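Data from target_35.txt: compact mmCIF, C-alpha atoms
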# COMPACT_ATOMS: atom_id res chain seq x y z
CA PRO A 260 -82.93 47.39 1.60
CA GLY A 261 -81.23 48.50 -1.56
CA GLY A 262 -79.53 45.16 -2.02
CA LYS A 263 -80.82 44.76 -5.55
CA ASP A 264 -78.66 47.72 -6.57
CA LEU A 265 -75.43 46.16 -5.23
CA ASP A 266 -73.12 44.01 -7.32
CA VAL A 267 -72.07 40.67 -5.88
CA THR A 268 -68.30 40.65 -5.53
CA GLU A 269 -65.71 38.31 -4.10
CA GLU A 270 -65.76 40.41 -0.92
CA ASN A 271 -69.53 40.31 -0.34
CA LYS A 272 -70.57 36.96 -1.87
CA LYS A 273 -70.63 35.16 1.50
CA GLU A 274 -72.95 37.81 2.93
CA PHE A 275 -75.07 37.64 -0.25
CA VAL A 276 -75.51 33.88 0.08
CA GLN A 277 -76.32 34.14 3.80
CA LEU A 278 -78.90 36.86 3.23
CA SER A 279 -80.42 35.03 0.25
CA VAL A 280 -80.81 31.82 2.24
CA GLN A 281 -82.20 33.73 5.23
CA TYR A 282 -84.82 35.32 2.99
CA ARG A 283 -85.77 32.16 1.06
CA VAL A 284 -85.91 29.83 4.06
CA CYS A 285 -87.15 32.14 6.82
CA ASP A 286 -88.21 35.67 5.99
CA ARG A 287 -90.32 34.91 2.92
CA ILE A 288 -92.62 32.57 4.87
CA LYS A 289 -92.36 34.16 8.32
CA GLU A 290 -95.99 35.31 8.45
CA GLN A 291 -97.36 31.94 7.31
CA PHE A 292 -95.07 30.02 9.66
CA GLU A 293 -96.06 32.15 12.65
CA ALA A 294 -99.76 31.56 11.85
CA PHE A 295 -99.14 27.81 11.57
CA GLN A 296 -97.15 27.80 14.80
CA ALA A 297 -99.85 29.70 16.68
CA GLY A 298 -102.50 27.25 15.48
CA PHE A 299 -100.30 24.27 16.33
CA HIS A 300 -99.73 25.60 19.85
CA GLU A 301 -103.48 26.07 20.30
CA LEU A 302 -103.80 22.30 19.83
CA ILE A 303 -100.61 21.28 21.62
CA PRO A 304 -99.14 23.77 24.09
CA GLU A 305 -95.47 24.54 23.51
CA ASP A 306 -94.41 23.34 26.97
CA LEU A 307 -95.82 19.88 26.21
CA ILE A 308 -93.87 19.36 22.98
CA GLN A 309 -90.55 20.82 24.14
CA VAL A 310 -89.73 17.52 25.84
CA PHE A 311 -89.56 15.75 22.45
CA ASP A 312 -86.72 15.84 19.93
CA GLU A 313 -87.58 16.08 16.22
CA ARG A 314 -87.50 12.29 15.72
CA GLU A 315 -89.82 11.63 18.65
CA LEU A 316 -92.18 14.37 17.51
CA GLU A 317 -92.34 12.87 14.01
CA LEU A 318 -93.25 9.48 15.50
CA LEU A 319 -95.80 11.07 17.83
CA ILE A 320 -97.53 12.89 14.97
CA GLY A 321 -97.14 10.25 12.26
CA GLY A 322 -97.43 7.12 14.36
CA LEU A 323 -95.68 3.81 13.81
CA ALA A 324 -96.02 2.12 10.46
CA GLU A 325 -95.81 -1.63 10.01
CA ILE A 326 -92.53 -2.24 8.17
CA ASP A 327 -92.43 -5.10 5.69
CA ILE A 328 -88.91 -6.41 6.22
CA GLU A 329 -89.08 -8.72 3.19
CA ASP A 330 -89.97 -5.74 0.98
CA TRP A 331 -87.12 -3.77 2.57
CA LYS A 332 -84.66 -6.61 1.88
CA LYS A 333 -85.93 -7.05 -1.67
CA HIS A 334 -85.27 -3.39 -2.47
CA THR A 335 -81.82 -3.14 -0.88
CA ASP A 336 -78.47 -2.79 -2.65
CA TYR A 337 -75.13 -3.86 -1.22
CA ARG A 338 -71.70 -2.28 -1.66
CA GLY A 339 -68.73 -4.32 -0.48
CA TYR A 340 -71.16 -6.92 0.85
CA THR A 341 -73.43 -9.45 -0.78
CA GLU A 342 -76.81 -10.52 0.51
CA SER A 343 -75.30 -13.81 1.68
CA ASP A 344 -72.46 -12.28 3.75
CA GLN A 345 -72.68 -13.08 7.46
CA VAL A 346 -72.77 -9.41 8.55
CA VAL A 347 -75.72 -8.78 6.20
CA GLN A 348 -77.51 -11.86 7.56
CA TRP A 349 -76.94 -10.59 11.11
CA PHE A 350 -78.19 -7.12 10.10
CA TRP A 351 -81.50 -8.49 8.81
CA LYS A 352 -81.83 -10.82 11.82
CA PHE A 353 -81.36 -7.79 14.06
CA VAL A 354 -84.01 -5.85 12.12
CA ALA A 355 -86.47 -8.76 12.34
CA GLU A 356 -85.97 -9.06 16.10
CA MET A 357 -86.63 -5.35 16.73
CA ASP A 358 -90.02 -4.10 17.83
CA SER A 359 -91.92 -1.70 15.53
CA GLU A 360 -90.65 1.42 17.28
CA HIS A 361 -87.01 0.43 16.90
CA GLN A 362 -87.50 -0.64 13.28
CA THR A 363 -88.97 2.81 12.65
CA ARG A 364 -86.05 4.45 14.46
CA LEU A 365 -83.64 2.46 12.28
CA MET A 366 -85.48 3.68 9.22
CA GLN A 367 -85.25 7.27 10.53
CA PHE A 368 -81.54 6.79 11.22
CA THR A 369 -80.79 5.49 7.73
CA THR A 370 -83.25 7.42 5.53
CA GLY A 371 -84.13 10.51 7.56
CA THR A 372 -87.84 9.65 7.71
CA SER A 373 -90.06 7.25 9.60
CA ARG A 374 -92.60 7.02 6.78
CA ILE A 375 -92.61 4.18 4.29
CA PRO A 376 -93.57 5.18 0.74
CA VAL A 377 -97.13 4.20 -0.23
CA ASN A 378 -95.86 1.58 -2.70
CA GLY A 379 -93.21 0.25 -0.34
CA PHE A 380 -89.44 0.42 -0.41
CA LYS A 381 -89.25 0.29 -4.20
CA ASP A 382 -90.36 3.95 -4.17
CA LEU A 383 -87.89 5.14 -1.53
CA GLN A 384 -86.62 8.62 -2.35
CA GLY A 385 -83.22 10.19 -1.74
CA SER A 386 -82.18 13.80 -2.01
CA ASP A 387 -81.77 13.43 -5.77
CA GLY A 388 -84.85 11.34 -6.60
CA PRO A 389 -85.51 7.59 -6.38
CA ARG A 390 -82.77 5.88 -4.37
CA ARG A 391 -82.74 2.35 -3.02
CA PHE A 392 -81.72 1.52 0.52
CA THR A 393 -78.03 0.55 0.59
CA VAL A 394 -75.89 -1.36 3.06
CA GLU A 395 -72.23 -0.48 2.49
CA LYS A 396 -69.21 -2.21 3.96
CA SER A 397 -67.39 0.67 5.56
CA GLY A 398 -65.76 1.58 8.84
CA ASP A 399 -63.67 -0.02 11.52
CA ILE A 400 -65.13 -2.74 13.73
CA VAL A 401 -64.74 -0.55 16.82
CA ALA A 402 -66.80 2.24 15.23
CA LEU A 403 -70.55 2.74 15.22
CA PRO A 404 -72.44 2.42 11.94
CA LYS A 405 -72.93 5.71 10.06
CA SER A 406 -75.89 6.76 8.01
CA HIS A 407 -76.11 8.94 4.95
CA THR A 408 -79.79 9.92 4.97
CA CYS A 409 -79.66 11.79 1.65
CA PHE A 410 -78.63 8.51 0.01
CA ASN A 411 -80.64 6.03 2.15
CA ARG A 412 -77.38 4.34 3.07
CA ILE A 413 -75.93 2.75 6.16
CA ASP A 414 -72.18 2.22 6.45
CA LEU A 415 -71.91 -1.04 8.33
CA PRO A 416 -68.47 -2.15 9.52
CA PRO A 417 -67.60 -5.86 9.18
CA TYR A 418 -68.38 -6.71 12.80
CA PRO A 419 -66.93 -10.01 14.02
CA ASP A 420 -70.13 -11.31 15.65
CA TYR A 421 -73.86 -10.73 16.04
CA GLU A 422 -73.56 -9.35 19.57
CA THR A 423 -71.16 -6.59 18.45
CA LEU A 424 -73.39 -5.69 15.50
CA SER A 425 -76.52 -5.50 17.63
CA THR A 426 -74.80 -3.46 20.37
CA LYS A 427 -73.27 -0.98 17.92
CA LEU A 428 -76.46 -0.58 15.87
CA THR A 429 -78.54 -0.04 19.00
CA LEU A 430 -76.12 2.61 20.25
CA ALA A 431 -76.16 4.38 16.88
CA ILE A 432 -79.95 4.36 16.57
CA GLU A 433 -80.68 5.33 20.16
CA ASN A 434 -78.09 8.09 20.45
CA THR A 435 -78.27 9.90 17.13
CA VAL A 436 -79.06 13.57 17.72
CA GLY A 437 -80.56 15.73 14.97
CA PHE A 438 -78.18 16.01 12.08
CA GLY A 439 -75.58 13.64 13.56
CA GLN A 440 -75.80 11.58 10.44
CA GLU A 441 -73.90 12.46 7.29

Transcribe the structure of this file into structure tokens.
Amino acid sequence: PGGKDLDVTEENKKEFVQLSVQYRVCDRIKEQFEAFQAGFHELIPEDLIQVFDERELELLIGGLAEIDIEDWKKHTDYRGYTESDQVVQWFWKFVAEMDSEHQTRLMQFTTGTSRIPVNGFKDLQGSDGPRRFTVEKSGDIVALPKSHTCFNRIDLPPYPDYETLSTKLTLAIENTVGFGQE
């Protein structure tokens, strides 16, 4: 109350930003969100969905889509790698050998969503508009792959063999929690 009459200064700008974000993200839609939440919990009781993390809940609600790996490959860029590099060949072999659920989890890990655009991977969106999937050569071979979901990018270290790549990718996909990606 009365905030509109206060000047933003160096001393209060952090509080101003925090309060502005709080209002725009939470307070402004509180009534609508609470109505949505109440309706949602009428359909699915809260105690039944608490066992799922946000990725599992997205898959539960949205289901598994059939991923066209050839379309995915066709609309992929490479940084530090080429399509013919052994690590890239192993990556796509690994993807092809995964079941649908794990392919979808890989897509969630690398893009932040389990949903494929209606027109396929050519219409994949990043945080700043259209952005192709990218495999970047980055990281030490003892490290797990990293994802940058805003940019639809996976940082894939130059693993020495297929077994290491598959083990590290599986660990990364299976154990990512919430905003563990960058």

Rows by chain and residue number, segment 344-377 of chain A within 10 Å of segment 297-320 of chain A, shortest pair, all atoms listed in the file, as a Markdown table:
| residue | atom | partner | partner_atom | distance |
| --- | --- | --- | --- | --- |
| A:Glu360 | CA | A:Leu318 | CA | 8.7 |
| A:Thr363 | CA | A:Leu318 | CA | 8.4 |
| A:Arg364 | CA | A:Arg314 | CA | 8.1 |
| A:Gln367 | CA | A:Arg314 | CA | 7.6 |
| A:Phe368 | CA | A:Arg314 | CA | 9.3 |
| A:Gly371 | CA | A:Arg314 | CA | 9.0 |
| A:Thr372 | CA | A:Glu317 | CA | 8.4 |
| A:Ser373 | CA | A:Leu318 | CA | 7.1 |
| A:Arg374 | CA | A:Leu318 | CA | 9.1 |

> From the set A:Lys289, A:Lys263, A:Lys332, A:Lys427, which residue has the shortest atom-to-atom contact distance to Asp399 of chain A, counting all atoms listed in the file?
Replying inline: A:Lys427

> Using all atoms listed in the file, which residue out of A:Phe295, A:Phe380, A:Phe350, A:Phe392 lies closest to Thr335 of chain A?
Replying inline: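 Residue with the minimum atom-to-atom distance to Thr335 of chain A: A:Phe392.
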
>> So the first atom is atom CA of Ala355 of chain A and the second is atom CA of Asp387 of chain A; what is the distance between them in Å, to one decimal place?
In response: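 We find that atom CA of Ala355 of chain A and atom CA of Asp387 of chain A lie 29.0 Å from each other.
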
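Omitting Lys352 of chain A and its sequence neighbours fewer than 4 positions away, and counting only C-alpha atoms, the residues within 12 Å are Ile328, Glu329, Lys332, Gln345, Val346, Val347, Gln348, Glu356, Met357, Gln362, Tyr421, Glu422, Leu424 and Ser425 of chain A.
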
> Could you state the separation of atom CA of Asp414 of chain A and atom CA of Thr393 of chain A in Å, given to one decimal place?
Replying inline: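 Atom CA of Asp414 of chain A sits 8.4 Å away from atom CA of Thr393 of chain A.
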
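Taking atom CA of Leu365 of chain A and atom CA of Ser397 of chain A as the two end points, the separation is 17.7 Å.
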